[in-house]
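Student: Following this message is one structure expressed as structure tokens.
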Amino acid sequence: MELETALEAVRGRGGAEGLEQSLGRYNEKNRATFKFDPADEEKRKQLCEGILNILEKDLNTSSQVACLEALRILSRDKKVLVPVTTKENMQILMRLAKLDMTEDSLEDVSYFPVIVEALKCLCNIVFNSAIAQKLSLELNLAAMLCNLLKKCKDQQFVEDIKCFDLRLLFLLSLLHTDIRSQLHRELQGLQVLTQALESSFSIRWTDKYKAADEHNGSPLSLQETDCAIEALKALFNVTLDSWNVHSENESHQFRYMAAILRHCLLTVGPTEDKTEELHSNAINLLSNIPVSCLDVLISSSTQEESVLKYNGMNMDAIQVLLDFMEKRIDKGSSYREGLTPVLSLLTECCRAHRNIRKFIKAQVLPPLRDVSNRPEVGTTVRNKLVRLMTHVDLGVKQIAAEFLFVLCKERVDNLLKYTGYGNAAGLLAARGLLAGGRGDHWYSDDEDTDTEEYKSAKPNINLITGHVEEPMPNPMDEMTEEQKEYEAMKLVNMFDKLSRDEIIKPMGVRPDGTMTPLEETVGQYQTNEQDSSDSD
């Protein structure tokens, strides 16, 4: 009923007041509608066309808002976007959203709701239409969005405009690689988006890359948090290919960004869920920043109010990352999306920055004292990470093992002490280190000290399980030699059958630590024996 009434209104029956009332009822009824009746598809297309025709004319602000709200609801349905996704209609919405290349400031506060609704419409249309995505590049939409962001700088009551401007930039940079490249190379997108991110926080700079730590600062408002999250997401897309820094200016830009992100990690949102979402997006962006620029996360600390110091460095942000990692582990689900980014970030930070590695190791892998339980049993962070080393998801298993390996300075003997051989076998096989040794990366030569408790228990530790086991009676003690030989041959025959049926494949270890079929290892051994006897 409301659809027919709205359609009659946009056709000019009822005047401006009737238009607002009819569209208002339609909007109220369908505010939370995301699935539409296929039988009404043609009517909804006609309503879209009618609304766009009306928006071309001069209307009062309330009528424009009502039309744009209806168009936003209709644009949730991909099937009705054909009349919307034309160059002319996109330009109508861009004009209403004040997307142009002029330097005129945003002064008329009463018009702001029209800008917000037009931006919301463009977000839906760009997200749901490949044609609109292509038109966005042709119409230079990204450049105009950056210009609108600049107009929002130092303006009041523009948080909603800024938020949906950033969301549209995020969608464009996500869905169109050419626009992502344009933002990075031509539009100074890195600088514009970084300034937009900074403006979401009340940062007081005390040095070049150092913000004042305000641990008792008030939480961000919901609008500020949403703006920061949208800026973080857009920056993530723009910095996807930023592993290498090629100039001093780029290095400064990334260090400046990392300093803002450090402040972001020490900031809380209006709710616990919003804080987690804010920190999650900050961690994703930190993963794109060249690791050489992440030293600003632990700038030297001279402030008395600093909560955590290590070797004179402020470790507050690193502690937030560790707490975030443990919280994601405790969730017990969505490890690939939720846990691997922070684990990957911490691994690279530990590999590149000695103070970060030593601080984290002191918390994750403290000196061993009680080795009566298996490494994977317990509630400590070490226990939780060791359990992940045998996770069914290969990506999760690899990054958890890599993180612990780096904390152990990529030394096999050190890793086995904390995890046991059984848990570490997958990593060692992949790295060709089953025979021992260390990884390729160089670390400082500071020595690890074992506790007296560990030293006394070490001779009794089972290297496979990584803990001290209770002595078990030897079942062969009461066997005769003939019985032992019989059981041994029985075991050989069982392995032989499994091997012939290709249920298992016996493997050996080459001298370089990599695995190979057992036949090849035996053949190599026999060749070496033959060469040795010939030389004699």
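Within each chain, counting starts at residue 1; across the structure tokens, chains are named A, B, ... in the order shown, with ligands numbered 1 upward in that order.
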Excluding Glu276 in chain A and residues on its chain fewer than 2 positions from it, collect all residues at most 12 Å away from it, counting only C-alpha atoms, and give them as a PyMOL selection string.
Tutor: chain A and resi 225+229+264-274+278-283+320-321+323-325+327-328+338
Student: Can you pull out every residue within 8 Å of Leu93 in chain A, counting only C-alpha atoms, but drop anything in the same chain fewer than 3 positions away, and send it as a PyMOL selection string?
Tutor: chain A and resi 89-90+96-97+118-119+121-122
Student: Measure the distance from CA of Glu376 in chain A to CA of Ser287 in chain A in Å and round it to one decimal.
Tutor: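 Distance between the two atoms: 27.8 Å.
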Student: Report, in Å to a single decimal, how far apart CA of Tyr256 in chain A and CA of Asn314 in chain A are.
Tutor: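 If I compute the distance from CA of Asn314 in chain A to CA of Tyr256 in chain A, I get 17.1 Å.
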Student: Any idea what's packed within 10 Å of Asp295 in chain A, counting only C-alpha atoms, ignoring anything in its chain fewer than 4 positions away? Could you give it as a VMD selection string?
Tutor: chain A and resid 255 258 to 259 291 299 to 300 349 352 to 353 355 to 356
Student: How about saving the chosen residues, N, CA, C and O atoms kept, as a PDB file, in the first residue's frame?
Tutor:
```pdb
ATOM      1  N   ARG A 255      55.771   6.653   9.859  1.00  0.00           N
ATOM      2  CA  ARG A 255      56.081   6.798  11.284  1.00  0.00           C
ATOM      3  C   ARG A 255      55.019   7.667  11.966  1.00  0.00           C
ATOM      4  O   ARG A 255      54.606   7.383  13.095  1.00  0.00           O
ATOM      5  N   ALA A 258      52.035   5.525  12.390  1.00  0.00           N
ATOM      6  CA  ALA A 258      52.229   4.564  13.478  1.00  0.00           C
ATOM      7  C   ALA A 258      52.075   5.239  14.840  1.00  0.00           C
ATOM      8  O   ALA A 258      51.546   4.639  15.781  1.00  0.00           O
ATOM      9  N   ALA A 259      52.516   6.499  14.945  1.00  0.00           N
ATOM     10  CA  ALA A 259      52.364   7.231  16.210  1.00  0.00           C
ATOM     11  C   ALA A 259      50.889   7.469  16.519  1.00  0.00           C
ATOM     12  O   ALA A 259      50.459   7.368  17.678  1.00  0.00           O
ATOM     13  N   VAL A 291      57.859  -2.585   8.798  1.00  0.00           N
ATOM     14  CA  VAL A 291      58.228  -2.904  10.180  1.00  0.00           C
ATOM     15  C   VAL A 291      59.334  -1.991  10.690  1.00  0.00           C
ATOM     16  O   VAL A 291      59.433  -1.736  11.896  1.00  0.00           O
ATOM     17  N   SER A 299      58.535   4.270  21.855  1.00  0.00           N
ATOM     18  CA  SER A 299      59.437   5.404  22.030  1.00  0.00           C
ATOM     19  C   SER A 299      59.901   5.491  23.481  1.00  0.00           C
ATOM     20  O   SER A 299      59.213   5.047  24.409  1.00  0.00           O
ATOM     21  N   SER A 300      61.086   6.068  23.679  1.00  0.00           N
ATOM     22  CA  SER A 300      61.669   6.135  25.020  1.00  0.00           C
ATOM     23  C   SER A 300      60.728   6.855  25.968  1.00  0.00           C
ATOM     24  O   SER A 300      60.043   7.806  25.595  1.00  0.00           O
ATOM     25  N   CYS A 349      57.262  -7.605  14.600  1.00  0.00           N
ATOM     26  CA  CYS A 349      57.835  -6.657  15.560  1.00  0.00           C
ATOM     27  C   CYS A 349      58.948  -7.308  16.377  1.00  0.00           C
ATOM     28  O   CYS A 349      59.998  -6.696  16.601  1.00  0.00           O
ATOM     29  N   ALA A 352      62.138  -7.762  14.307  1.00  0.00           N
ATOM     30  CA  ALA A 352      62.867  -6.549  13.919  1.00  0.00           C
ATOM     31  C   ALA A 352      63.333  -5.710  15.102  1.00  0.00           C
ATOM     32  O   ALA A 352      64.294  -4.949  14.972  1.00  0.00           O
ATOM     33  N   HIS A 353      62.656  -5.824  16.248  1.00  0.00           N
ATOM     34  CA  HIS A 353      62.955  -4.923  17.362  1.00  0.00           C
ATOM     35  C   HIS A 353      63.253  -5.739  18.627  1.00  0.00           C
ATOM     36  O   HIS A 353      62.359  -6.357  19.200  1.00  0.00           O
ATOM     37  N   ASN A 355      63.979  -4.984  21.787  1.00  0.00           N
ATOM     38  CA  ASN A 355      63.309  -4.671  23.049  1.00  0.00           C
ATOM     39  C   ASN A 355      61.875  -5.200  23.086  1.00  0.00           C
ATOM     40  O   ASN A 355      61.404  -5.656  24.131  1.00  0.00           O
ATOM     41  N   ILE A 356      61.200  -5.161  21.942  1.00  0.00           N
ATOM     42  CA  ILE A 356      59.840  -5.711  21.885  1.00  0.00           C
ATOM     43  C   ILE A 356      59.887  -7.218  22.112  1.00  0.00           C
ATOM     44  O   ILE A 356      59.082  -7.777  22.870  1.00  0.00           O
TER      45      ILE A 356
END
```
Student: For Leu68 in chain A, which of A:Arg351, A:His252, A:Lys120, A:Lys35 is the closest residue, counting only C-alpha atoms?
Tutor: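 The shortest atom-to-atom distance to Leu68 in chain A comes from A:Lys120.
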Student: Could you pull out the alpha helix (DSSP H) residues of range 194-428 of chain A from DSSP and send them as a short mmCIF file (atom, residue, chain, number, x, y, z; two decimals) with C-alpha atoms, in the first residue's frame?
Tutor:
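So the final result, stored in states.cif, reads:
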```
data_model
loop_
_atom_site.label_atom_id
_atom_site.label_comp_id
_atom_site.auth_asym_id
_atom_site.auth_seq_id
_atom_site.Cartn_x
_atom_site.Cartn_y
_atom_site.Cartn_z
CA THR A 194 45.84 10.15 8.03
CA GLN A 195 44.69 13.69 8.86
CA ALA A 196 41.08 12.48 8.96
CA LEU A 197 42.13 9.69 11.35
CA GLU A 198 44.07 12.08 13.58
CA LEU A 222 30.23 6.81 19.10
CA GLN A 223 30.57 9.21 16.15
CA GLU A 224 34.30 9.72 16.75
CA THR A 225 34.83 5.96 17.01
CA ASP A 226 32.91 5.26 13.80
CA CYS A 227 34.88 7.95 11.92
CA ALA A 228 38.17 6.52 13.17
CA ILE A 229 37.16 2.98 12.14
CA GLU A 230 36.17 4.09 8.62
CA ALA A 231 39.46 6.01 8.25
CA LEU A 232 41.43 2.95 9.41
CA LYS A 233 39.65 0.72 6.89
CA ALA A 234 40.26 3.13 4.01
CA LEU A 235 43.93 3.53 4.99
CA PHE A 236 44.31 -0.26 5.12
CA ASN A 237 43.27 -0.51 1.45
CA VAL A 238 45.49 2.38 0.36
CA GLU A 248 62.45 9.78 3.42
CA ASN A 249 59.04 11.41 2.98
CA GLU A 250 57.30 8.01 2.90
CA SER A 251 59.20 6.93 6.01
CA HIS A 252 58.04 10.08 7.83
CA GLN A 253 54.44 9.51 6.71
CA PHE A 254 54.40 5.92 7.98
CA ARG A 255 56.08 6.80 11.28
CA TYR A 256 53.56 9.58 11.80
CA MET A 257 50.75 7.12 11.06
CA ALA A 258 52.23 4.56 13.48
CA ALA A 259 52.36 7.23 16.21
CA ILE A 260 48.65 7.95 15.68
CA LEU A 261 47.91 4.21 15.78
CA ARG A 262 49.82 3.90 19.04
CA HIS A 263 47.52 6.56 20.49
CA CYS A 264 44.56 4.68 18.98
CA LEU A 265 45.56 1.47 20.81
CA GLU A 272 33.78 -2.75 24.89
CA ASP A 273 32.71 -4.06 21.47
CA LYS A 274 33.48 -0.71 19.80
CA THR A 275 36.88 -0.60 21.51
CA GLU A 276 37.67 -4.08 20.19
CA GLU A 277 36.56 -3.11 16.67
CA LEU A 278 38.68 0.06 16.82
CA HIS A 279 41.78 -1.83 18.00
CA SER A 280 41.21 -4.63 15.47
CA ASN A 281 41.25 -2.18 12.56
CA ALA A 282 44.30 -0.39 14.01
CA ILE A 283 46.15 -3.72 14.16
CA ASN A 284 45.20 -4.52 10.56
CA LEU A 285 46.65 -1.18 9.45
CA LEU A 286 49.81 -1.62 11.54
CA SER A 287 50.39 -4.88 9.65
CA ASN A 288 50.68 -2.85 6.41
CA ASP A 316 51.94 0.32 26.93
CA ALA A 317 50.94 -0.20 23.27
CA ILE A 318 52.69 -3.59 23.09
CA GLN A 319 50.82 -4.70 26.20
CA VAL A 320 47.53 -3.73 24.51
CA LEU A 321 48.51 -5.92 21.53
CA LEU A 322 49.30 -8.85 23.84
CA ASP A 323 46.00 -8.46 25.72
CA PHE A 324 44.14 -8.25 22.40
CA MET A 325 45.86 -11.43 21.18
CA GLU A 326 44.95 -13.37 24.32
CA LYS A 327 41.35 -12.14 24.17
CA ARG A 328 41.05 -13.36 20.57
CA ILE A 329 42.54 -16.75 21.53
CA ASP A 330 40.03 -17.09 24.37
CA LYS A 331 37.15 -16.46 21.94
CA TYR A 335 41.03 -17.51 14.42
CA ARG A 336 42.04 -16.89 10.81
CA GLU A 337 40.28 -13.52 10.57
CA GLY A 338 40.51 -12.44 14.21
CA THR A 340 46.29 -14.17 12.65
CA PRO A 341 46.66 -10.38 11.98
CA VAL A 342 47.78 -9.59 15.55
CA LEU A 343 49.99 -12.69 15.73
CA SER A 344 51.62 -11.78 12.42
CA LEU A 345 52.18 -8.18 13.58
CA LEU A 346 53.74 -9.28 16.88
CA THR A 347 55.96 -11.79 15.07
CA GLU A 348 57.37 -9.15 12.71
CA CYS A 349 57.83 -6.66 15.56
CA CYS A 350 59.74 -9.25 17.59
CA ARG A 351 61.89 -10.16 14.61
CA ALA A 352 62.87 -6.55 13.92
CA ARG A 354 64.98 -6.53 20.16
CA ASN A 355 63.31 -4.67 23.05
CA ILE A 356 59.84 -5.71 21.88
CA ARG A 357 60.95 -9.35 21.58
CA LYS A 358 62.51 -9.42 25.04
CA PHE A 359 59.50 -7.72 26.66
CA ILE A 360 57.04 -10.13 25.03
CA LYS A 361 59.16 -13.19 25.76
CA ALA A 362 59.27 -12.28 29.45
CA GLN A 363 55.46 -12.47 29.48
CA VAL A 364 54.75 -15.27 27.01
CA VAL A 381 49.48 -17.53 27.26
CA ARG A 382 52.25 -20.03 26.50
CA ASN A 383 49.85 -22.97 27.00
CA LYS A 384 47.26 -21.36 24.72
CA LEU A 385 49.79 -20.68 21.96
CA VAL A 386 51.26 -24.18 22.12
CA ARG A 387 47.75 -25.60 21.71
CA LEU A 388 47.41 -23.54 18.53
CA LEU A 394 47.11 -24.58 8.67
CA GLY A 395 47.46 -20.78 8.61
CA VAL A 396 46.70 -20.45 12.33
CA LYS A 397 49.04 -23.32 13.20
CA GLN A 398 51.91 -21.84 11.18
CA ILE A 399 51.71 -18.29 12.52
CA ALA A 400 51.39 -19.43 16.16
CA ALA A 401 54.46 -21.68 15.76
CA GLU A 402 56.37 -18.93 13.94
CA PHE A 403 55.62 -16.44 16.74
CA LEU A 404 57.00 -18.78 19.41
CA PHE A 405 59.99 -19.66 17.21
CA VAL A 406 60.91 -15.98 16.84
CA LEU A 407 60.55 -15.43 20.58
CA VAL A 412 65.40 -25.17 17.72
CA ASP A 413 66.70 -26.30 21.11
CA ASN A 414 65.15 -23.24 22.77
CA LEU A 415 61.79 -23.80 21.07
CA LEU A 416 61.68 -27.48 22.03
CA LYS A 417 62.29 -26.56 25.66
CA TYR A 418 59.03 -24.58 25.72
CA THR A 419 56.84 -26.65 23.37
CA TYR A 421 59.16 -31.92 19.93
CA GLY A 422 55.68 -33.23 19.13
CA ASN A 423 54.08 -29.78 19.02
CA ALA A 424 56.98 -28.22 17.08
CA ALA A 425 57.43 -31.00 14.48
CA GLY A 426 55.22 -29.32 11.87
CA LEU A 427 57.18 -26.06 11.96
CA LEU A 428 60.56 -27.82 11.99
#
```
Student: Which is closer to Thr449 in chain A than all the others in A:Met144, A:Leu368, A:Val509, A:Leu99, using only C-alpha atoms?
Tutor: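 Checking each candidate against Thr449 in chain A, we get A:Leu368 as the closest.
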